[in-house]
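Asks: mmCIF, C-alpha atoms and all ligand atoms, file model32.cif:
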data_target
loop_
_atom_site.label_atom_id
_atom_site.label_comp_id
_atom_site.auth_asym_id
_atom_site.auth_seq_id
_atom_site.Cartn_x
_atom_site.Cartn_y
_atom_site.Cartn_z
CA MET A 1 31.30 -52.01 -91.95
CA SER A 2 32.07 -49.54 -89.18
CA ALA A 3 31.59 -50.77 -85.60
CA LEU A 4 29.98 -47.49 -84.58
CA ARG A 5 26.48 -47.41 -83.16
CA GLN A 6 23.62 -47.25 -85.62
CA ALA A 7 20.61 -44.91 -85.56
CA LEU A 8 17.64 -45.09 -87.93
CA ILE A 9 15.93 -41.76 -88.38
CA ILE A 10 12.52 -42.11 -90.03
CA GLY A 11 11.52 -38.76 -91.53
CA GLY A 12 15.18 -37.74 -91.46
CA SER A 13 15.10 -35.95 -94.81
CA ARG A 14 13.85 -32.64 -93.47
CA GLY A 15 12.93 -30.58 -90.42
CA ILE A 16 13.13 -32.14 -86.98
CA GLY A 17 14.21 -35.54 -88.36
CA TYR A 18 17.17 -34.04 -90.20
CA SER A 19 18.34 -32.22 -87.06
CA VAL A 20 17.99 -35.46 -85.10
CA ALA A 21 20.17 -37.24 -87.69
CA GLN A 22 22.76 -34.47 -87.39
CA ARG A 23 22.68 -34.65 -83.58
CA PHE A 24 23.34 -38.41 -83.55
CA ALA A 25 26.05 -38.07 -86.21
CA LYS A 26 27.73 -35.44 -84.04
CA SER A 27 28.00 -38.05 -81.27
CA GLY A 28 29.45 -40.69 -83.58
CA TYR A 29 26.43 -42.75 -84.60
CA ASN A 30 26.21 -44.16 -88.09
CA ILE A 31 23.01 -42.80 -89.55
CA THR A 32 20.36 -44.16 -91.88
CA ILE A 33 17.96 -41.49 -93.06
CA VAL A 34 14.59 -42.80 -94.22
CA SER A 35 11.77 -40.95 -95.93
CA LYS A 36 9.26 -41.12 -98.75
CA ASN A 37 10.72 -38.83 -101.40
CA GLU A 38 13.91 -40.08 -103.06
CA ASP A 39 15.23 -36.62 -103.98
CA ASN A 40 14.78 -35.43 -100.41
CA VAL A 41 16.56 -38.52 -99.07
CA ASN A 42 19.51 -38.06 -101.44
CA LYS A 43 19.76 -34.35 -100.73
CA SER A 44 19.80 -34.82 -96.96
CA VAL A 45 22.28 -37.72 -97.13
CA ASN A 46 24.68 -35.59 -99.22
CA GLN A 47 24.21 -32.62 -96.91
CA LEU A 48 24.91 -34.72 -93.81
CA ARG A 49 27.96 -36.36 -95.41
CA GLN A 50 29.35 -32.94 -96.27
CA TRP A 51 28.69 -31.73 -92.73
CA SER A 52 30.36 -34.84 -91.35
CA GLU A 53 33.46 -34.34 -93.54
CA GLN A 54 33.71 -30.68 -92.58
CA ASN A 55 33.52 -31.64 -88.91
CA ASN A 56 36.02 -34.47 -89.25
CA ASN A 57 33.76 -37.17 -87.91
CA SER A 58 33.92 -40.43 -89.78
CA VAL A 59 30.35 -41.64 -89.41
CA VAL A 60 28.68 -43.58 -92.21
CA VAL A 61 25.55 -41.88 -93.55
CA SER A 62 23.14 -43.78 -95.76
CA GLY A 63 19.62 -43.21 -97.02
CA GLN A 64 16.63 -45.37 -97.83
CA VAL A 65 13.31 -44.61 -99.46
CA CYS A 66 10.29 -45.99 -97.63
CA ASP A 67 6.65 -44.91 -97.57
CA ILE A 68 5.71 -45.69 -93.98
CA SER A 69 2.00 -45.45 -94.76
CA ARG A 70 2.42 -48.75 -96.66
CA PRO A 71 3.26 -51.75 -94.42
CA GLU A 72 4.78 -53.63 -97.40
CA SER A 73 7.17 -50.72 -97.98
CA ILE A 74 8.28 -50.98 -94.32
CA ASP A 75 8.76 -54.75 -94.73
CA ASN A 76 10.95 -54.25 -97.81
CA PHE A 77 12.94 -51.54 -96.08
CA VAL A 78 13.62 -53.65 -92.99
CA LYS A 79 14.56 -56.68 -95.13
CA SER A 80 17.07 -54.51 -96.99
CA LEU A 81 18.56 -53.52 -93.63
CA ASP A 82 19.21 -57.14 -92.76
CA GLN A 83 21.83 -57.31 -95.49
CA SER A 84 23.54 -54.00 -94.80
CA LEU A 85 23.45 -53.24 -91.08
CA GLY A 86 24.37 -54.73 -87.76
CA ALA A 87 22.50 -53.91 -84.58
CA VAL A 88 20.19 -50.91 -84.66
CA GLU A 89 20.57 -49.19 -81.31
CA VAL A 90 18.28 -46.24 -81.88
CA LEU A 91 15.05 -45.81 -83.83
CA VAL A 92 13.56 -42.32 -84.07
CA ASN A 93 10.12 -42.06 -85.65
CA ALA A 94 9.81 -38.47 -86.88
CA ALA A 95 7.84 -38.93 -90.13
CA ALA A 96 4.35 -37.51 -90.17
CA VAL A 97 1.83 -35.55 -92.22
CA ASN A 98 -0.45 -32.78 -91.10
CA ARG A 99 -3.55 -31.71 -93.04
CA ASP A 100 -5.41 -29.22 -90.87
CA LYS A 101 -9.19 -29.09 -91.38
CA LEU A 102 -12.28 -28.82 -89.23
CA LEU A 103 -13.80 -32.27 -88.71
CA MET A 104 -16.95 -31.26 -90.61
CA SER A 105 -14.91 -30.84 -93.79
CA THR A 106 -12.55 -33.78 -93.25
CA THR A 107 -12.92 -36.56 -95.80
CA GLU A 108 -12.10 -40.24 -95.34
CA ASP A 109 -8.98 -40.02 -97.51
CA VAL A 110 -7.56 -37.31 -95.22
CA VAL A 111 -8.30 -39.45 -92.14
CA ASP A 112 -6.67 -42.47 -93.77
CA ASP A 113 -3.58 -40.53 -94.88
CA ILE A 114 -2.94 -39.10 -91.41
CA ILE A 115 -3.69 -42.26 -89.43
CA GLU A 116 -1.84 -44.55 -91.84
CA THR A 117 1.28 -42.37 -91.82
CA ASN A 118 1.48 -40.97 -88.30
CA LEU A 119 0.02 -43.81 -86.26
CA LYS A 120 0.10 -47.04 -88.25
CA GLY A 121 3.41 -46.15 -89.93
CA THR A 122 5.09 -45.65 -86.57
CA ILE A 123 3.50 -48.80 -85.14
CA PHE A 124 4.68 -51.02 -88.01
CA MET A 125 8.14 -49.43 -88.09
CA CYS A 126 8.54 -50.14 -84.36
CA LYS A 127 7.29 -53.69 -84.82
CA SER A 128 9.73 -54.42 -87.65
CA VAL A 129 12.80 -52.80 -86.12
CA LEU A 130 12.08 -54.26 -82.67
CA ARG A 131 12.86 -57.75 -83.94
CA ARG A 132 16.47 -56.65 -84.38
CA MET A 133 16.60 -54.94 -80.99
CA VAL A 134 15.16 -58.01 -79.26
CA ARG A 135 17.83 -60.14 -80.90
CA HIS A 136 20.54 -57.87 -79.49
CA LYS A 137 18.68 -57.29 -76.16
CA LYS A 138 19.34 -53.58 -76.46
CA GLY A 139 17.84 -50.50 -78.06
CA SER A 140 15.91 -47.31 -77.66
CA ILE A 141 12.96 -45.98 -79.57
CA VAL A 142 11.89 -42.35 -79.54
CA ASN A 143 8.57 -41.51 -81.17
CA ILE A 144 7.74 -37.93 -82.06
CA GLY A 145 4.23 -37.05 -80.95
CA SER A 146 2.91 -33.54 -80.46
CA VAL A 147 1.65 -31.40 -77.63
CA VAL A 148 -1.76 -31.39 -79.39
CA GLY A 149 -1.91 -35.16 -78.80
CA LEU A 150 -2.15 -34.23 -75.12
CA THR A 151 -4.19 -31.02 -75.24
CA GLY A 152 -6.20 -31.29 -78.48
CA ASN A 153 -6.44 -28.47 -81.00
CA ARG A 154 -9.17 -26.95 -83.14
CA GLY A 155 -8.71 -27.94 -86.79
CA GLN A 156 -6.44 -30.83 -85.87
CA THR A 157 -8.85 -33.54 -84.72
CA ILE A 158 -7.32 -36.32 -86.80
CA TYR A 159 -3.69 -35.21 -86.41
CA SER A 160 -4.26 -34.92 -82.62
CA ALA A 161 -5.91 -38.35 -82.56
CA SER A 162 -2.92 -39.86 -84.37
CA LYS A 163 -0.51 -38.27 -81.88
CA ALA A 164 -2.65 -39.20 -78.84
CA GLY A 165 -2.65 -42.76 -80.18
CA LEU A 166 1.14 -42.69 -80.16
CA VAL A 167 1.13 -41.84 -76.44
CA GLY A 168 -0.84 -44.99 -75.55
CA PHE A 169 1.21 -47.02 -78.00
CA THR A 170 4.52 -45.76 -76.59
CA LYS A 171 3.56 -46.48 -72.98
CA SER A 172 2.19 -49.94 -73.77
CA LEU A 173 5.19 -50.93 -75.87
CA ALA A 174 7.51 -49.63 -73.14
CA LYS A 175 5.88 -52.10 -70.72
CA GLU A 176 6.21 -54.97 -73.20
CA VAL A 177 9.90 -54.54 -73.99
CA ALA A 178 11.36 -53.12 -70.76
CA PRO A 179 12.37 -56.60 -69.49
CA ILE A 180 14.52 -57.14 -72.57
CA GLY A 181 16.43 -53.88 -72.28
CA VAL A 182 14.62 -51.73 -74.85
CA THR A 183 13.31 -48.29 -73.90
CA VAL A 184 10.42 -46.54 -75.67
CA ASN A 185 9.70 -42.85 -75.10
CA LEU A 186 7.90 -39.97 -76.79
CA ILE A 187 8.71 -36.33 -77.34
CA ALA A 188 5.78 -33.95 -77.64
CA PRO A 189 6.95 -30.77 -79.43
CA GLY A 190 4.95 -27.55 -79.66
CA PHE A 191 5.44 -25.14 -82.57
CA VAL A 192 8.76 -25.81 -84.32
CA LYS A 193 10.13 -23.95 -87.35
CA THR A 194 9.98 -26.50 -90.20
CA ASP A 195 8.18 -27.02 -93.51
CA MET A 196 5.22 -28.36 -91.51
CA THR A 197 4.61 -24.99 -89.89
CA SER A 198 5.77 -22.73 -92.73
CA ASN A 199 2.21 -21.98 -93.89
CA ILE A 200 0.27 -21.88 -90.64
CA ILE A 201 -1.96 -18.92 -90.09
CA ILE A 202 -3.35 -18.72 -86.59
CA ASN A 203 -4.59 -15.93 -84.42
CA PRO A 204 -2.93 -15.10 -82.06
CA LYS A 205 0.46 -15.78 -83.70
CA PRO A 206 2.42 -18.71 -82.16
CA GLU A 207 4.95 -16.24 -80.72
CA ASP A 208 2.17 -14.45 -78.83
CA LEU A 209 0.72 -17.69 -77.50
CA ILE A 210 3.87 -19.48 -76.39
CA PRO A 211 5.01 -18.50 -72.87
CA MET A 212 8.65 -18.39 -74.07
CA ARG A 213 7.51 -16.03 -76.90
CA ARG A 214 9.21 -17.93 -79.70
CA MET A 215 8.85 -21.10 -81.75
CA GLY A 216 11.29 -23.93 -81.11
CA SER A 217 14.11 -24.87 -83.46
CA PRO A 218 14.51 -28.40 -84.87
CA GLN A 219 17.88 -28.51 -83.10
CA GLU A 220 16.22 -27.96 -79.71
CA ILE A 221 13.88 -30.90 -80.32
CA ALA A 222 16.84 -32.98 -81.51
CA GLU A 223 18.64 -32.38 -78.20
CA ALA A 224 15.60 -33.69 -76.30
CA VAL A 225 15.42 -36.75 -78.59
CA TYR A 226 19.12 -37.44 -78.05
CA PHE A 227 18.68 -37.14 -74.30
CA LEU A 228 15.77 -39.61 -74.20
CA ALA A 229 17.46 -42.07 -76.53
CA ASN A 230 20.44 -42.22 -74.18
CA ALA A 231 18.55 -42.14 -70.88
CA SER A 232 19.10 -45.75 -69.87
CA TYR A 233 16.63 -45.74 -66.94
CA ILE A 234 13.74 -43.79 -68.51
CA THR A 235 11.00 -45.58 -70.40
CA GLY A 236 7.32 -44.96 -71.18
CA GLU A 237 7.93 -41.24 -70.69
CA VAL A 238 6.31 -38.35 -72.56
CA LEU A 239 8.62 -35.37 -72.67
CA ILE A 240 6.91 -32.12 -73.62
CA CYS A 241 9.24 -29.77 -75.45
CA ASP A 242 7.16 -26.71 -76.31
CA GLY A 243 8.40 -23.51 -74.64
CA GLY A 244 5.55 -23.84 -72.12
CA LEU A 245 2.73 -23.97 -74.70
CA HIS A 246 0.88 -26.80 -72.92
CA LEU A 247 0.58 -24.56 -69.85
CA VAL A 248 -1.71 -22.19 -71.72
CA LEU A 249 -3.64 -24.48 -74.09
P1 LIG B 301 8.35 -31.90 -91.94
O1 LIG B 301 9.40 -30.86 -92.02
O2 LIG B 301 7.08 -31.73 -92.69
O3 LIG B 301 9.03 -33.30 -92.35
C1 LIG B 301 8.21 -34.44 -92.39
C2 LIG B 301 9.09 -35.67 -92.60
O4 LIG B 301 8.24 -36.81 -92.64
C3 LIG B 301 9.85 -35.62 -93.92
O5 LIG B 301 11.10 -36.24 -93.72
C4 LIG B 301 8.96 -36.48 -94.82
O6 LIG B 301 9.67 -37.12 -95.86
C5 LIG B 301 8.53 -37.55 -93.83
N1 LIG B 301 7.34 -38.26 -94.28
C6 LIG B 301 6.07 -37.79 -94.43
N2 LIG B 301 5.26 -38.77 -94.87
C7 LIG B 301 6.03 -39.88 -94.98
C8 LIG B 301 5.76 -41.23 -95.38
N3 LIG B 301 4.54 -41.63 -95.77
N4 LIG B 301 6.79 -42.11 -95.37
C9 LIG B 301 8.04 -41.72 -95.00
N5 LIG B 301 8.35 -40.47 -94.62
C10 LIG B 301 7.35 -39.57 -94.61
O7 LIG B 301 7.90 -32.16 -90.44
P2 LIG B 301 8.58 -31.76 -89.04
O8 LIG B 301 7.99 -30.47 -88.62
O9 LIG B 301 10.03 -31.94 -89.10
O10 LIG B 301 7.92 -32.87 -88.10
C11 LIG B 301 8.66 -33.96 -87.59
C12 LIG B 301 7.82 -34.65 -86.53
O11 LIG B 301 7.54 -33.71 -85.47
C13 LIG B 301 6.45 -35.11 -87.03
O12 LIG B 301 6.10 -36.30 -86.34
C14 LIG B 301 5.52 -34.00 -86.60
O13 LIG B 301 4.19 -34.45 -86.45
C15 LIG B 301 6.14 -33.64 -85.26
N6 LIG B 301 5.79 -32.29 -84.79
C16 LIG B 301 6.16 -31.20 -85.50
C17 LIG B 301 5.81 -29.94 -85.00
C18 LIG B 301 6.19 -28.67 -85.70
O14 LIG B 301 5.78 -27.59 -85.23
N7 LIG B 301 6.96 -28.70 -86.77
C19 LIG B 301 5.10 -29.84 -83.80
C20 LIG B 301 4.75 -30.99 -83.12
C21 LIG B 301 5.11 -32.22 -83.62
P3 LIG B 301 9.82 -36.52 -97.35
O15 LIG B 301 10.90 -35.47 -97.31
O16 LIG B 301 10.24 -37.73 -98.12
O17 LIG B 301 8.50 -35.97 -97.74
#
Reformat the file's structure so that it appears as structure tokens.
Replies:
Amino acid sequence: MSALRQALIIGGSRGIGYSVAQRFAKSGYNITIVSKNEDNVNKSVNQLRQWSEQNNNSVVVSGQVCDISRPESIDNFVKSLDQSLGAVEVLVNAAAVNRDKLLMSTTEDVVDDIIETNLKGTIFMCKSVLRRMVRHKKGSIVNIGSVVGLTGNRGQTIYSASKAGLVGFTKSLAKEVAPIGVTVNLIAPGFVKTDMTSNIIINPKPEDLIPMRRMGSPQEIAEAVYFLANASYITGEVLICDGGLHLVL
């Protein structure tokens, strides 16, 4: 096994998570990409390996399937890590679902899906991976929230609630684990060009609403994640990364 540092990227198969995986690989971290769909995991692992070969960096890229909305799936995933990995230095929680609806037409299964994936999934992943960080007295966790978890948004009551929940969770966990050398922070992106936003129809268009007049790229969010993961004296922080959107919401 390589002695390089290890980063676990949950939701690393696509979008922001994939760019985060690429950003850490660029700086020499071994990467484990985790997501729900096996084909997507395999595709992104192959893509990242190819990228790594082309760029002559010898990081080890692996993939694991895990449905974070099911605590037993997280347990199995973390047990499988025990056999294959050393210390996990970085955990990035980027997996989430988004099913926009007005509250009046939101059914219980939609509430459960969003809360179980975005909030409970992140909570249980942190809990499971933390055991390894505590053992090594080192680590950093970056959770991906959203600017709507801070400002709220019409049609996103449940998604916003899940992301607001992550803010309280991140700050509380940061207090719990600071004495043992683990940092916990949150990035709150605005509109970012990924599958999640490929079908949004809003008026005005995001570009007209955002003070910087453009949506963010996954790579820009990945830079902010990388910064926070390596900021050794920052914890419990919420870093908004949204081209100024929160200023006008
Ligand atoms: P995306 O392109 O839709 O990708 C979502 C990722 O989450 C995929 O890797 C997906 O895996 C994974 N995932 C979903 N449900 C899962 C589950 N139950 N178990 C494991 N993995 C699961 O989303 P994105 O835009 O990159 O978003 C990344 C993060 O940024 C999310 O937390 C999102 O809420 C947040 N965010 C995004 C925006 C934006 O404008 N895009 C704005 C604010 C915040 P599969 O490939 O296996 O389906």
Asks: Just checking: using all atoms listed in the file, which residue out of A:Ser232, A:Ser27, A:Thr151, A:Asn143 ends up closest to ligand LIG 301 (chain B)?
Replies: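 Looking at the shortest contact to ligand LIG 301 (chain B), the residue is A:Asn143.
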Asks: May I have the residues within 6 Å of ligand LIG 301 (chain B), computed using all atoms listed in the file, as number ranges by chain?
Replies: A: 11-17, 35-37, 40, 66-69, 94-97, 117, 144-146, 189-197
Asks: Quote the spacing between CA of Glu72 in chain A and CA of Arg131 in chain A in Å to one decimal place.
Replies: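 A separation of 16.2 Å between them.
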Asks: May I have the centre and edge lengths, in Å to one decimal, of an axis-aligned box around the listed atoms of range 99-102 of chain A with 3 Å added to every side, as JSON?
Replies:
{"center_x": -7.9, "center_y": -30.3, "center_z": -91.1, "size_x": 14.7, "size_y": 8.9, "size_z": 9.8}
Asks: Between CA of Val167 in chain A and CA of Leu228 in chain A, measure the distance and give it in Å to one decimal.
Replies: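 Between CA of Val167 in chain A and CA of Leu228 in chain A the gap works out to 15.0 Å.
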Asks: Check the smallest atom-to-atom distance from each of A:Ala87, A:Met104, A:Leu173, A:Val34 to Ser73 in chain A using only C-alpha atoms, then report the winner.
Replies: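 Closest to Ser73 in chain A, using only C-alpha atoms: A:Val34.
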Asks: Residues around (-3.0, -21.9, -67.7), cut-off 12 Å, counting all atoms listed in the file - what are they as number ranges by chain?
Replies: A: 151, 209-211, 244-249
Asks: Please list, as an mmCIF file with C-alpha atoms, in the frame of the given file, the residues that have an atom at most 6 Å away from (-3.7, -37.6, -89.2) in the coordinates of this file, counting only C-alpha atoms.
Replies:
data_model
loop_
_atom_site.group_PDB
_atom_site.id
_atom_site.type_symbol
_atom_site.label_atom_id
_atom_site.label_comp_id
_atom_site.auth_asym_id
_atom_site.auth_seq_id
_atom_site.Cartn_x
_atom_site.Cartn_y
_atom_site.Cartn_z
ATOM 1 C CA VAL A 111 -8.300 -39.450 -92.140
ATOM 2 C CA ILE A 114 -2.940 -39.100 -91.410
ATOM 3 C CA ILE A 115 -3.690 -42.260 -89.430
ATOM 4 C CA ILE A 158 -7.320 -36.320 -86.800
ATOM 5 C CA TYR A 159 -3.690 -35.210 -86.410
ATOM 6 C CA SER A 162 -2.920 -39.860 -84.370
#
Asks: Excluding same-chain residues fewer than 3 positions from range 45-52 of chain A, what lies within 10 Å of it counting all atoms listed in the file, as number ranges by chain?
Replies: A: 12-13, 18-19, 21-22, 25-26, 28, 31-34, 39-42, 55-64
Asks: Would you work out the distance separating CA of Lys127 in chain A from CA of Phe227 in chain A, expressed in Å to one decimal?
Replies: 22.7 Å
Asks: Given only C-alpha atoms as the basis, pick out the residue of A:Gly236, A:Gly165, A:Gly243, A:Gly155 nearest to Leu186 in chain A.
Replies: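 Closest candidate: A:Gly236.
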